[in-house]
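One file, model16.cif, is given below (mmCIF, C-alpha atoms and all ligand atoms).
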```cif
data_input
#
loop_
_atom_site.label_atom_id
_atom_site.label_comp_id
_atom_site.auth_asym_id
_atom_site.auth_seq_id
_atom_site.Cartn_x
_atom_site.Cartn_y
_atom_site.Cartn_z
CA MET A 1 -107.02 -20.33 -89.70
CA SER A 2 -104.08 -22.50 -90.65
CA ASP A 3 -104.23 -26.29 -90.93
CA HIS A 4 -101.83 -26.78 -88.04
CA THR A 5 -102.98 -26.97 -84.44
CA LEU A 6 -100.72 -25.37 -81.85
CA ALA A 7 -99.71 -28.83 -80.65
CA ALA A 8 -98.72 -29.83 -84.20
CA ARG A 9 -96.72 -26.62 -84.62
CA LEU A 10 -94.98 -27.27 -81.33
CA ASP A 11 -94.04 -30.85 -82.29
CA LEU A 12 -92.63 -29.72 -85.62
CA ALA A 13 -90.72 -26.83 -84.01
CA ILE A 14 -89.21 -29.29 -81.48
CA SER A 15 -88.05 -31.65 -84.20
CA ILE A 16 -86.59 -28.77 -86.25
CA ALA A 17 -84.75 -27.36 -83.20
CA GLU A 18 -83.37 -30.81 -82.34
CA GLU A 19 -82.17 -31.36 -85.91
CA ALA A 20 -80.47 -27.95 -85.74
CA GLY A 21 -78.93 -29.00 -82.42
CA ARG A 22 -77.39 -32.08 -84.05
CA MET A 23 -75.83 -29.82 -86.67
CA ILE A 24 -74.35 -27.66 -83.89
CA THR A 25 -72.83 -30.59 -81.93
CA LYS A 26 -71.38 -32.07 -85.13
CA ALA A 27 -69.83 -28.73 -86.06
CA ARG A 28 -68.20 -28.50 -82.64
CA GLU A 29 -66.83 -32.03 -82.92
CA GLU A 30 -65.38 -31.27 -86.34
CA GLN A 31 -64.10 -27.80 -85.30
CA GLY A 32 -63.86 -26.70 -88.95
CA PHE A 33 -65.87 -23.49 -88.80
CA ALA A 34 -64.70 -19.94 -89.47
CA HIS A 35 -65.36 -16.89 -87.26
CA HIS A 36 -66.30 -13.43 -88.54
CA LEU A 37 -67.21 -10.16 -86.94
CA LYS A 38 -70.42 -8.36 -87.87
CA LYS A 39 -71.51 -4.90 -86.72
CA ASP A 40 -70.43 -3.73 -83.25
CA ASN A 41 -67.69 -6.41 -83.10
CA GLU A 42 -70.32 -9.10 -82.74
CA LEU A 43 -69.11 -12.64 -83.38
CA VAL A 44 -70.79 -14.86 -85.96
CA THR A 45 -69.58 -18.25 -87.24
CA ASP A 46 -70.29 -20.22 -90.41
CA VAL A 47 -72.37 -22.52 -88.24
CA ASP A 48 -74.78 -19.73 -87.17
CA ILE A 49 -75.52 -19.10 -90.84
CA ALA A 50 -75.76 -22.78 -91.84
CA VAL A 51 -78.14 -23.55 -88.95
CA ASP A 52 -80.29 -20.53 -89.80
CA GLU A 53 -80.48 -21.83 -93.39
CA LEU A 54 -81.47 -25.33 -92.23
CA ILE A 55 -84.26 -23.92 -90.05
CA ARG A 56 -85.39 -21.62 -92.88
CA GLN A 57 -85.70 -24.62 -95.22
CA ARG A 58 -87.57 -26.75 -92.69
CA LEU A 59 -90.03 -23.97 -91.82
CA GLU A 60 -90.65 -23.31 -95.50
CA GLU A 61 -91.32 -27.04 -96.09
CA HIS A 62 -93.82 -27.29 -93.26
CA PHE A 63 -95.28 -23.77 -93.16
CA PRO A 64 -94.87 -22.37 -96.68
CA GLY A 65 -95.25 -18.63 -96.99
CA GLU A 66 -95.25 -17.84 -93.25
CA ALA A 67 -93.08 -14.83 -92.35
CA ARG A 68 -89.74 -15.37 -90.63
CA LEU A 69 -87.57 -13.14 -88.53
CA SER A 70 -84.15 -14.68 -87.92
CA GLU A 71 -80.89 -13.31 -86.66
CA GLU A 72 -78.56 -14.20 -89.53
CA LEU A 73 -80.78 -14.48 -92.63
CA ALA A 74 -83.71 -12.14 -92.00
CA PRO A 75 -83.01 -9.69 -89.17
CA GLU A 76 -84.70 -6.84 -91.05
CA SER A 77 -88.05 -8.63 -90.95
CA ALA A 78 -88.42 -7.14 -87.48
CA LEU A 79 -90.21 -4.50 -89.51
CA GLN A 80 -92.84 -7.08 -90.46
CA VAL A 81 -94.34 -6.79 -87.01
CA ASP A 82 -97.83 -7.01 -88.40
CA ALA A 83 -97.36 -10.32 -90.24
CA PRO A 84 -100.35 -12.44 -89.13
CA ARG A 85 -98.06 -15.43 -88.54
CA LEU A 86 -94.40 -15.00 -87.73
CA TRP A 87 -91.56 -17.37 -86.86
CA VAL A 88 -88.83 -15.84 -84.73
CA VAL A 89 -85.55 -17.75 -84.85
CA ASP A 90 -82.14 -17.56 -83.22
CA PRO A 91 -80.12 -20.39 -84.83
CA ILE A 92 -77.43 -20.22 -82.14
CA ASP A 93 -78.11 -18.29 -78.98
CA GLY A 94 -74.78 -18.10 -77.17
CA THR A 95 -72.46 -17.83 -80.15
CA VAL A 96 -69.51 -16.76 -78.00
CA ASN A 97 -70.09 -19.79 -75.78
CA PHE A 98 -70.30 -21.99 -78.87
CA ALA A 99 -67.01 -20.67 -80.25
CA GLN A 100 -65.28 -21.01 -76.86
CA GLY A 101 -66.35 -24.61 -76.21
CA LEU A 102 -68.78 -23.64 -73.43
CA ARG A 103 -72.10 -25.46 -73.10
CA HIS A 104 -74.69 -22.71 -72.67
CA VAL A 105 -75.78 -22.72 -76.30
CA ALA A 106 -79.33 -22.98 -77.64
CA VAL A 107 -81.51 -23.00 -80.72
CA SER A 108 -84.53 -20.77 -80.10
CA ILE A 109 -87.72 -20.90 -82.16
CA GLY A 110 -90.84 -18.90 -81.39
CA TRP A 111 -94.09 -18.54 -83.29
CA MET A 112 -96.53 -15.65 -83.11
CA GLU A 113 -100.06 -15.23 -84.37
CA ASN A 114 -101.53 -11.75 -84.73
CA GLY A 115 -98.84 -10.34 -82.46
CA VAL A 116 -99.24 -12.93 -79.68
CA ALA A 117 -96.40 -15.38 -79.03
CA LYS A 118 -97.97 -18.84 -78.87
CA VAL A 119 -95.27 -21.47 -79.39
CA GLY A 120 -91.75 -21.58 -77.96
CA VAL A 121 -88.92 -24.11 -78.21
CA VAL A 122 -85.45 -23.66 -76.74
CA HIS A 123 -83.15 -26.62 -77.32
CA ALA A 124 -79.71 -26.80 -75.70
CA PRO A 125 -77.74 -29.49 -77.55
CA PHE A 126 -74.76 -29.67 -75.16
CA LEU A 127 -77.02 -29.82 -72.10
CA ALA A 128 -79.39 -32.35 -73.71
CA GLU A 129 -82.39 -30.21 -72.74
CA THR A 130 -85.38 -29.16 -74.80
CA PHE A 131 -87.71 -26.59 -73.26
CA SER A 132 -91.07 -26.25 -74.95
CA ALA A 133 -94.46 -24.63 -74.51
CA ALA A 134 -97.56 -23.63 -76.42
CA GLU A 135 -100.33 -21.30 -75.33
CA GLY A 136 -102.66 -23.13 -72.95
CA LEU A 137 -100.73 -26.41 -73.17
CA GLY A 138 -98.19 -25.95 -70.34
CA ALA A 139 -94.40 -25.74 -70.29
CA PHE A 140 -91.96 -28.62 -70.26
CA CYS A 141 -88.28 -29.57 -70.14
CA ASN A 142 -87.62 -32.87 -71.89
CA GLY A 143 -91.33 -33.63 -71.59
CA GLN A 144 -91.54 -32.99 -67.83
CA PRO A 145 -93.71 -30.09 -66.58
CA ILE A 146 -91.74 -27.12 -65.21
CA LYS A 147 -92.55 -24.21 -62.92
CA PRO A 148 -90.73 -21.16 -61.55
CA SER A 149 -89.29 -20.92 -58.05
CA ASN A 150 -91.14 -19.85 -54.91
CA ALA A 151 -88.63 -17.07 -54.18
CA ASP A 152 -90.36 -14.29 -52.26
CA SER A 153 -87.62 -11.88 -51.25
CA LEU A 154 -84.74 -10.17 -53.01
CA ALA A 155 -82.30 -11.76 -50.57
CA HIS A 156 -83.28 -15.14 -52.05
CA THR A 157 -83.30 -14.01 -55.68
CA LEU A 158 -80.57 -15.38 -57.93
CA VAL A 159 -80.52 -13.09 -60.95
CA GLY A 160 -79.51 -13.77 -64.55
CA THR A 161 -78.69 -11.03 -67.00
CA GLY A 162 -76.46 -10.18 -69.97
CA PHE A 163 -74.66 -7.23 -71.48
CA PRO A 164 -74.77 -5.78 -74.98
CA TYR A 165 -71.78 -6.30 -77.30
CA ARG A 166 -71.30 -2.51 -77.67
CA LYS A 167 -69.07 -1.37 -74.84
CA GLU A 168 -70.64 2.14 -74.63
CA ALA A 169 -74.07 0.58 -74.10
CA ARG A 170 -72.79 -1.29 -71.04
CA LYS A 171 -72.04 1.74 -68.86
CA VAL A 172 -75.66 2.63 -68.09
CA LEU A 173 -76.23 -0.90 -66.83
CA LEU A 174 -73.68 -0.59 -64.04
CA LYS A 175 -76.19 1.06 -61.71
CA ARG A 176 -78.56 -1.88 -62.09
CA LEU A 177 -75.70 -4.26 -61.51
CA GLU A 178 -74.70 -2.50 -58.31
CA ALA A 179 -78.30 -2.57 -57.03
CA VAL A 180 -78.63 -6.29 -57.77
CA LEU A 181 -75.30 -7.12 -56.13
CA ASP A 182 -76.30 -5.07 -53.06
CA HIS A 183 -79.82 -6.47 -52.60
CA CYS A 184 -80.15 -9.86 -54.30
CA GLN A 185 -78.57 -13.21 -53.55
CA ASP A 186 -76.11 -13.05 -56.47
CA ILE A 187 -75.87 -12.74 -60.23
CA ARG A 188 -75.11 -15.07 -63.18
CA ARG A 189 -74.06 -14.14 -66.74
CA ASN A 190 -74.39 -17.43 -68.59
CA GLY A 191 -74.23 -16.04 -72.15
CA ALA A 192 -77.44 -17.32 -73.74
CA ALA A 193 -80.54 -15.21 -73.10
CA ALA A 194 -82.95 -17.91 -74.28
CA LEU A 195 -81.57 -20.31 -71.65
CA ASP A 196 -81.57 -17.65 -68.94
CA ILE A 197 -85.29 -17.23 -69.55
CA CYS A 198 -85.89 -21.00 -69.50
CA ASP A 199 -83.93 -21.12 -66.23
CA ILE A 200 -86.56 -18.77 -64.76
CA ALA A 201 -89.29 -21.02 -66.16
CA CYS A 202 -87.90 -24.07 -64.34
CA GLY A 203 -86.84 -22.35 -61.12
CA ARG A 204 -83.04 -22.48 -61.45
CA LEU A 205 -82.86 -18.69 -61.58
CA ASP A 206 -85.39 -16.39 -59.92
CA ALA A 207 -85.21 -13.24 -62.07
CA TYR A 208 -83.77 -12.13 -65.40
CA TYR A 209 -83.51 -8.68 -66.95
CA GLU A 210 -81.88 -7.51 -70.17
CA THR A 211 -82.41 -5.61 -73.41
CA VAL A 212 -81.95 -8.02 -76.31
CA SER A 213 -83.29 -8.65 -79.84
CA PRO A 214 -86.59 -10.39 -80.66
CA TRP A 215 -84.95 -13.70 -81.62
CA ASP A 216 -83.19 -13.92 -78.23
CA PHE A 217 -86.36 -13.94 -76.18
CA VAL A 218 -89.62 -14.84 -77.98
CA GLY A 219 -89.24 -18.64 -77.65
CA GLY A 220 -88.24 -18.43 -73.98
CA TRP A 221 -90.94 -15.83 -73.24
CA VAL A 222 -93.71 -18.29 -74.20
CA ILE A 223 -92.06 -21.02 -72.10
CA ALA A 224 -91.66 -18.76 -69.04
CA ARG A 225 -95.22 -17.43 -69.29
CA GLU A 226 -96.74 -20.89 -69.71
CA ALA A 227 -94.66 -22.20 -66.79
CA GLY A 228 -96.21 -19.56 -64.55
CA ALA A 229 -93.41 -17.00 -64.41
CA ARG A 230 -94.29 -13.33 -64.73
CA VAL A 231 -93.04 -11.74 -67.97
CA GLY A 232 -92.99 -8.02 -68.65
CA HIS A 233 -91.13 -4.84 -69.51
CA LEU A 234 -89.69 -2.26 -67.14
CA TYR A 235 -90.93 0.58 -69.36
CA GLU A 236 -93.99 1.04 -71.52
CA VAL A 237 -93.96 -0.72 -74.88
CA PRO A 238 -94.44 1.58 -77.92
CA GLN A 239 -97.97 1.15 -79.24
CA ALA A 240 -96.96 0.16 -82.77
CA ILE A 241 -95.04 -2.93 -81.60
CA PRO A 242 -96.59 -6.13 -80.21
CA VAL A 243 -95.66 -6.53 -76.53
CA ASP A 244 -94.53 -10.11 -77.21
CA LEU A 245 -91.99 -8.93 -79.81
CA TYR A 246 -90.59 -5.89 -78.02
CA PRO A 247 -87.13 -6.81 -76.73
CA GLU A 248 -86.15 -3.81 -74.60
CA HIS A 249 -85.98 -3.70 -70.81
CA LEU A 250 -87.33 -7.21 -70.32
CA LEU A 251 -88.04 -8.46 -66.82
CA ILE A 252 -88.95 -12.12 -66.32
CA ALA A 253 -89.21 -13.46 -62.80
CA ALA A 254 -90.76 -15.87 -60.35
CA PRO A 255 -94.14 -14.29 -59.45
CA GLY A 256 -93.11 -13.70 -55.82
CA VAL A 257 -90.19 -11.40 -56.70
CA TYR A 258 -91.28 -9.66 -59.91
CA ALA A 259 -92.60 -6.51 -58.22
CA ALA A 260 -89.57 -6.15 -55.94
CA MET A 261 -87.17 -6.59 -58.88
CA GLU A 262 -89.12 -4.06 -60.93
CA GLU A 263 -88.88 -1.52 -58.14
CA LEU A 264 -85.17 -2.20 -57.58
CA LEU A 265 -84.20 -1.85 -61.26
CA LEU A 266 -86.33 1.24 -61.89
CA ALA A 267 -84.88 2.94 -58.81
CA ALA A 268 -81.36 2.08 -60.00
CA ASP A 269 -82.11 3.71 -63.39
CA GLN A 270 -83.06 6.95 -61.58
CA LYS A 271 -79.72 7.20 -59.74
C1 LIG B 1 -76.56 -13.12 -77.17
C2 LIG B 1 -76.81 -13.94 -75.92
C3 LIG B 1 -76.35 -13.20 -74.70
C4 LIG B 1 -77.01 -11.85 -74.57
C5 LIG B 1 -76.79 -11.03 -75.83
C6 LIG B 1 -77.28 -11.80 -77.06
P1 LIG B 1 -76.08 -14.38 -79.49
O1 LIG B 1 -77.06 -13.79 -78.31
O2 LIG B 1 -78.17 -14.26 -75.78
O3 LIG B 1 -76.64 -13.91 -73.51
O4 LIG B 1 -76.46 -11.19 -73.46
O5 LIG B 1 -77.52 -9.83 -75.71
O6 LIG B 1 -77.04 -11.03 -78.21
O7 LIG B 1 -75.39 -13.21 -80.10
O8 LIG B 1 -75.15 -15.33 -78.84
O9 LIG B 1 -77.09 -15.01 -80.39
CA CA B 2 -79.07 -14.58 -79.35
CA CA B 3 -77.51 -15.87 -82.36
#
```

Here is the file; what I need is its structure written in the form of structure tokens.
Amino acid sequence: MSDHTLAARLDLAISIAEEAGRMITKAREEQGFAHHLKKDNELVTDVDIAVDELIRQRLEEHFPGEARLSEELAPESALQVDAPRLWVVDPIDGTVNFAQGLRHVAVSIGWMENGVAKVGVVHAPFLAETFSAAEGLGAFCNGQPIKPSNADSLAHTLVGTGFPYRKEARKVLLKRLEAVLDHCQDIRRNGAAALDICDIACGRLDAYYETVSPWDFVGGWVIAREAGARVGHLYEVPQAIPVDLYPEHLLIAAPGVYAAMEELLLAADQK
């Protein structure tokens, strides 16, 4: 066992995420950062990399030697799925929003032990919100307990989702989109998966589905689960990969609409 309790890990992760958030707001005020394109025309800025480096340093100071999977500095560590302790970091979730001056931007930090996600922090610097949770300790936004909505029918389900950067990968999602627009209340594409998931946790959205990368969802997944939302996958998770790290075909919803959303999306995929 490590020396840190879950509560101590959570407190440190919150302070690291909030320090990273201050770096992000300062960078926006100064507007001096450069934009680049990585694979698949995906945007990355100097700030994404600098924030990833700050978080890397802080985690190494507090948790020396623990494995890290992070979008800009260590994306390949996804292969380290069997590390006994693993930090999963998205330094800026919502990079396009960040670059455009929009406010749905977050730092996401998750921590897993033996394949189980146990700590999650999602801090949104421009919204002044910090979502946090640890296994068995509840879920909070700015220190206040949160819970998902009581939605119990598709007609009252406001759905969040996102689309991959690769245009060809978007086409297959149109059938799901059509089904959601036909049967649910409406849809939102806010541009930061970690915040979409926290919006399920606190009842602002009722369901979220998407295929993402591990760093987009692990922090929010812990928060949503601890808040009482139902978290799962539309299709079976390959045996070699921990369920809590597998980022494909996620479905996260208020408990009263999870089953109906699952049925709706799976039927759409069959069309
Ligand atoms: C993206 C956002 C977006 C989601 C994309 C992600 P990034 O993360 O979470 O909402 O639809 O799939 O890649 O690139 O801004 O860190
Ligand atoms: Ca992301
Ligand atoms: Ca990112």

>> Env of Gly21 of chain A: 6 Å cut, atoms = all atoms listed in the file, seq-sep filter 3 positions within chain, self excluded. Answer as a list in words.
In response: Glu18, Ile24 and Pro125 of chain A

Would you give me, as a Markdown table, each residue of chain A having an atom within 8 Å of an atom of ligand LIG 1 (chain B), along with its shortest atom pair and that distance in Å to one decimal, using all atoms listed in the file and sorting by chain and residue number?
```
| residue | atom | partner | partner_atom | distance |
| --- | --- | --- | --- | --- |
| A:Glu42 | CA | B:LIG1 | O7 | 7.0 |
| A:Leu43 | CA | B:LIG1 | O7 | 7.1 |
| A:Val44 | CA | B:LIG1 | O7 | 7.6 |
| A:Glu71 | CA | B:LIG1 | O9 | 7.5 |
| A:Asp90 | CA | B:LIG1 | O9 | 6.3 |
| A:Pro91 | CA | B:LIG1 | O9 | 7.6 |
| A:Ile92 | CA | B:LIG1 | O9 | 5.5 |
| A:Asp93 | CA | B:LIG1 | O9 | 3.7 |
| A:Gly94 | CA | B:LIG1 | O8 | 3.3 |
| A:Thr95 | CA | B:LIG1 | O8 | 3.9 |
| A:Val96 | CA | B:LIG1 | O8 | 5.9 |
| A:Asn97 | CA | B:LIG1 | O8 | 7.4 |
| A:Val105 | CA | B:LIG1 | O8 | 7.8 |
| A:Thr161 | CA | B:LIG1 | O4 | 6.8 |
| A:Gly162 | CA | B:LIG1 | O4 | 3.6 |
| A:Phe163 | CA | B:LIG1 | O4 | 4.8 |
| A:Pro164 | CA | B:LIG1 | O5 | 4.9 |
| A:Tyr165 | CA | B:LIG1 | O5 | 6.9 |
| A:Arg189 | CA | B:LIG1 | O3 | 7.2 |
| A:Asn190 | CA | B:LIG1 | O3 | 6.5 |
| A:Gly191 | CA | B:LIG1 | O3 | 3.5 |
| A:Ala192 | CA | B:LIG1 | O3 | 3.5 |
| A:Ala193 | CA | B:LIG1 | O2 | 3.7 |
| A:Ala194 | CA | B:LIG1 | O2 | 6.2 |
| A:Asp196 | CA | B:LIG1 | O3 | 7.7 |
| A:Glu210 | CA | B:LIG1 | O4 | 7.3 |
| A:Thr211 | CA | B:LIG1 | O5 | 6.9 |
| A:Val212 | CA | B:LIG1 | O5 | 4.8 |
| A:Ser213 | CA | B:LIG1 | O6 | 6.9 |
| A:Asp216 | CA | B:LIG1 | O2 | 5.6 |
```

Pull C-alpha atoms from the residues just selected and write them as a PDB file, in the frame of the given file.
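selection21.pdb, written as the output of this step:
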```pdb
ATOM      1  CA  GLU A  42     -70.320  -9.100 -82.740  1.00  0.00           C
ATOM      2  CA  LEU A  43     -69.110 -12.640 -83.380  1.00  0.00           C
ATOM      3  CA  VAL A  44     -70.790 -14.860 -85.960  1.00  0.00           C
ATOM      4  CA  GLU A  71     -80.890 -13.310 -86.660  1.00  0.00           C
ATOM      5  CA  ASP A  90     -82.140 -17.560 -83.220  1.00  0.00           C
ATOM      6  CA  PRO A  91     -80.120 -20.390 -84.830  1.00  0.00           C
ATOM      7  CA  ILE A  92     -77.430 -20.220 -82.140  1.00  0.00           C
ATOM      8  CA  ASP A  93     -78.110 -18.290 -78.980  1.00  0.00           C
ATOM      9  CA  GLY A  94     -74.780 -18.100 -77.170  1.00  0.00           C
ATOM     10  CA  THR A  95     -72.460 -17.830 -80.150  1.00  0.00           C
ATOM     11  CA  VAL A  96     -69.510 -16.760 -78.000  1.00  0.00           C
ATOM     12  CA  ASN A  97     -70.090 -19.790 -75.780  1.00  0.00           C
ATOM     13  CA  VAL A 105     -75.780 -22.720 -76.300  1.00  0.00           C
ATOM     14  CA  THR A 161     -78.690 -11.030 -67.000  1.00  0.00           C
ATOM     15  CA  GLY A 162     -76.460 -10.180 -69.970  1.00  0.00           C
ATOM     16  CA  PHE A 163     -74.660  -7.230 -71.480  1.00  0.00           C
ATOM     17  CA  PRO A 164     -74.770  -5.780 -74.980  1.00  0.00           C
ATOM     18  CA  TYR A 165     -71.780  -6.300 -77.300  1.00  0.00           C
ATOM     19  CA  ARG A 189     -74.060 -14.140 -66.740  1.00  0.00           C
ATOM     20  CA  ASN A 190     -74.390 -17.430 -68.590  1.00  0.00           C
ATOM     21  CA  GLY A 191     -74.230 -16.040 -72.150  1.00  0.00           C
ATOM     22  CA  ALA A 192     -77.440 -17.320 -73.740  1.00  0.00           C
ATOM     23  CA  ALA A 193     -80.540 -15.210 -73.100  1.00  0.00           C
ATOM     24  CA  ALA A 194     -82.950 -17.910 -74.280  1.00  0.00           C
ATOM     25  CA  ASP A 196     -81.570 -17.650 -68.940  1.00  0.00           C
ATOM     26  CA  GLU A 210     -81.880  -7.510 -70.170  1.00  0.00           C
ATOM     27  CA  THR A 211     -82.410  -5.610 -73.410  1.00  0.00           C
ATOM     28  CA  VAL A 212     -81.950  -8.020 -76.310  1.00  0.00           C
ATOM     29  CA  SER A 213     -83.290  -8.650 -79.840  1.00  0.00           C
ATOM     30  CA  ASP A 216     -83.190 -13.920 -78.230  1.00  0.00           C
TER      31      ASP A 216
END
```

> When you draw a straight line from atom CA of Gly143 of chain A to atom CA of Gly110 of chain A, how long is it in Å?
Replying inline: 17.7 Å

>> Would you pick out the contacts of segment 169-181 of chain A at 12 Å or less, using all atoms listed in the file, so that residues sharing its chain but fewer than 5 positions from it are not included, and give the list as a VMD selection string?
In response: chain A and resid 40 154 to 164 186 to 189 207 to 212 249 260 to 271

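Straight-line separation from atom CA of Ala201 of chain A to atom CA of Ile55 of chain A: 24.6 Å.
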
>> Taking (-95.2, -6.2, -80.9) in the coordinates of the supplied file, I want to know which residues reach to within 10 Å of it, counting only C-alpha atoms; could you give the answer as a list in words?
In response: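 Residues lying no farther than 10 Å from the given point: Ala78, Gln80, Val81, Asp82, Met112, Asn114, Gly115, Val116, Ala117, Pro214, Val237, Pro238, Gln239, Ala240, Ile241, Pro242, Val243, Asp244, Leu245, Tyr246 and Pro247 of chain A.
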
> Contacts of Ala224 of chain A at 7 Å or less, counting only C-alpha atoms, minus same-chain residues fewer than 2 places along, as number ranges by chain?
Replying inline: A: 197-198, 200-201, 220-222, 226-229

> What does the distance from atom CA of Gln144 of chain A to atom CA of Thr130 of chain A come to in Å, to one decimal?
Replying inline: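 The value is 10.1 Å.
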
Name the residues within 8 Å of (-69.1, -18.9, -86.4), counting all atoms listed in the file in the file's coordinates, and put them as a compact mmCIF listing (two decimals) with C-alpha atoms, in the coordinates of the input.
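Wrote it out as point_2.txt, contents follow:
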```txt
# COMPACT_ATOMS: atom_id res chain seq x y z
CA PHE A 33 -65.87 -23.49 -88.80
CA ALA A 34 -64.70 -19.94 -89.47
CA HIS A 35 -65.36 -16.89 -87.26
CA HIS A 36 -66.30 -13.43 -88.54
CA LEU A 43 -69.11 -12.64 -83.38
CA VAL A 44 -70.79 -14.86 -85.96
CA THR A 45 -69.58 -18.25 -87.24
CA ASP A 46 -70.29 -20.22 -90.41
CA VAL A 47 -72.37 -22.52 -88.24
CA ASP A 48 -74.78 -19.73 -87.17
CA ILE A 49 -75.52 -19.10 -90.84
CA THR A 95 -72.46 -17.83 -80.15
CA ALA A 99 -67.01 -20.67 -80.25
```

> So which one's closest to Ala128 of chain A, A:Glu113, A:Val107, A:Pro255, A:Glu53? Using all atoms listed in the file, please.
Replying inline: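 Going through A:Glu113, A:Val107, A:Pro255, A:Glu53 one by one, the smallest distance to Ala128 of chain A is for A:Val107.
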
All residues 8 Å or closer to Phe126 of chain A, only C-alpha atoms, same chain fewer than 5 positions away omitted, as a PDB file with C-alpha atoms, keeping the file's coordinate frame:
```
ATOM      1  CA  THR A  25     -72.830 -30.590 -81.930  1.00  0.00           C
ATOM      2  CA  ARG A 103     -72.100 -25.460 -73.100  1.00  0.00           C
ATOM      3  CA  HIS A 104     -74.690 -22.710 -72.670  1.00  0.00           C
ATOM      4  CA  VAL A 105     -75.780 -22.720 -76.300  1.00  0.00           C
TER       5      VAL A 105
END
```

> From the list A:Ala254, A:Ala259, A:Ala13, A:Asp206, which residue is nearest Gly120 of chain A when using only C-alpha atoms?
Replying inline: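 Checking each of A:Ala254, A:Ala259, A:Ala13, A:Asp206 against Gly120 of chain A, counting only C-alpha atoms, the winner is A:Ala13.
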
>> List as a PyMOL selection string the protein and nucleic acid residues near Val121 of chain A, meaning an atom at most 7 Å away when only C-alpha atoms are counted, but skip any in the same chain fewer than 6 places from it.
In response: chain A and resi 13-14+108-110+131-133+219

Take the residues from that selection and put them in a file with C-alpha atoms, as a PDB file, keeping the file's coordinate frame.
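Below is the file out_15.pdb, written as the result:
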```pdb
ATOM      1  CA  ALA A  13     -90.720 -26.830 -84.010  1.00  0.00           C
ATOM      2  CA  ILE A  14     -89.210 -29.290 -81.480  1.00  0.00           C
ATOM      3  CA  SER A 108     -84.530 -20.770 -80.100  1.00  0.00           C
ATOM      4  CA  ILE A 109     -87.720 -20.900 -82.160  1.00  0.00           C
ATOM      5  CA  GLY A 110     -90.840 -18.900 -81.390  1.00  0.00           C
ATOM      6  CA  PHE A 131     -87.710 -26.590 -73.260  1.00  0.00           C
ATOM      7  CA  SER A 132     -91.070 -26.250 -74.950  1.00  0.00           C
ATOM      8  CA  ALA A 133     -94.460 -24.630 -74.510  1.00  0.00           C
ATOM      9  CA  GLY A 219     -89.240 -18.640 -77.650  1.00  0.00           C
TER      10      GLY A 219
END
```

> Counting all atoms listed in the file, which of A:Leu59, A:Cys202, A:Val88, A:Leu6 gets nearest to ligand CA 3 (chain B)?
Replying inline: A:Val88

>> Could you check the closest approach to ligand CA 2 (chain B) for each of A:Ala7, A:Ala151, A:Leu234, A:Val122 and tell me which residue wins, using only C-alpha atoms and all ligand atoms?
In response: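 Smallest separation from ligand CA 2 (chain B) among the options: A:Val122.
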
> Which one is closest to ligand CA 3 (chain B): A:Ala67, A:Ala83, A:Ala17, A:Ala106? Count all atoms listed in the file.
Replying inline: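 Closest candidate: A:Ala106.
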
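Distance check against ligand CA 3 (chain B) using only C-alpha atoms and all ligand atoms: of A:Asn142, A:Leu10, A:Trp215, A:Arg56, the minimum falls on A:Trp215.
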
Taking every listed atom of segment 66-78 of chain A and adding 5 Å to each side, what centre and edge lengths in Å (one decimal) does the axis-aligned box have, as lines of an AutoDock Vina configuration file?
```
center_x = -86.9
center_y = -12.3
center_z = -90.0
size_x = 26.7
size_y = 21.0
size_z = 16.6
```

File output, segment 201-207 of chain A (N, CA, C and O atoms) as a short mmCIF file (atom, residue, chain, number, x, y, z; two decimals), in the first residue's frame:
```cif
data_model
loop_
_atom_site.label_atom_id
_atom_site.label_comp_id
_atom_site.auth_asym_id
_atom_site.auth_seq_id
_atom_site.Cartn_x
_atom_site.Cartn_y
_atom_site.Cartn_z
N ALA A 201 -23.03 14.09 -13.80
CA ALA A 201 -22.90 13.86 -12.35
C ALA A 201 -23.72 14.85 -11.54
O ALA A 201 -24.23 14.51 -10.47
N CYS A 202 -23.87 16.08 -12.03
CA CYS A 202 -24.58 17.09 -11.22
C CYS A 202 -25.96 17.40 -11.78
O CYS A 202 -26.61 18.35 -11.31
N GLY A 203 -26.42 16.62 -12.77
CA GLY A 203 -27.82 16.74 -13.20
C GLY A 203 -28.12 17.83 -14.21
O GLY A 203 -29.28 18.12 -14.48
N ARG A 204 -27.08 18.44 -14.81
CA ARG A 204 -27.35 19.46 -15.84
C ARG A 204 -27.65 18.82 -17.18
O ARG A 204 -28.36 19.38 -18.02
N LEU A 205 -27.01 17.70 -17.44
CA LEU A 205 -27.32 16.87 -18.60
C LEU A 205 -27.81 15.53 -18.06
O LEU A 205 -27.48 15.16 -16.93
N ASP A 206 -28.56 14.80 -18.89
CA ASP A 206 -29.13 13.53 -18.41
C ASP A 206 -28.42 12.30 -18.97
O ASP A 206 -28.49 11.22 -18.38
N ALA A 207 -27.79 12.45 -20.14
CA ALA A 207 -27.06 11.30 -20.72
C ALA A 207 -25.94 11.81 -21.61
O ALA A 207 -26.04 12.90 -22.20
#
```
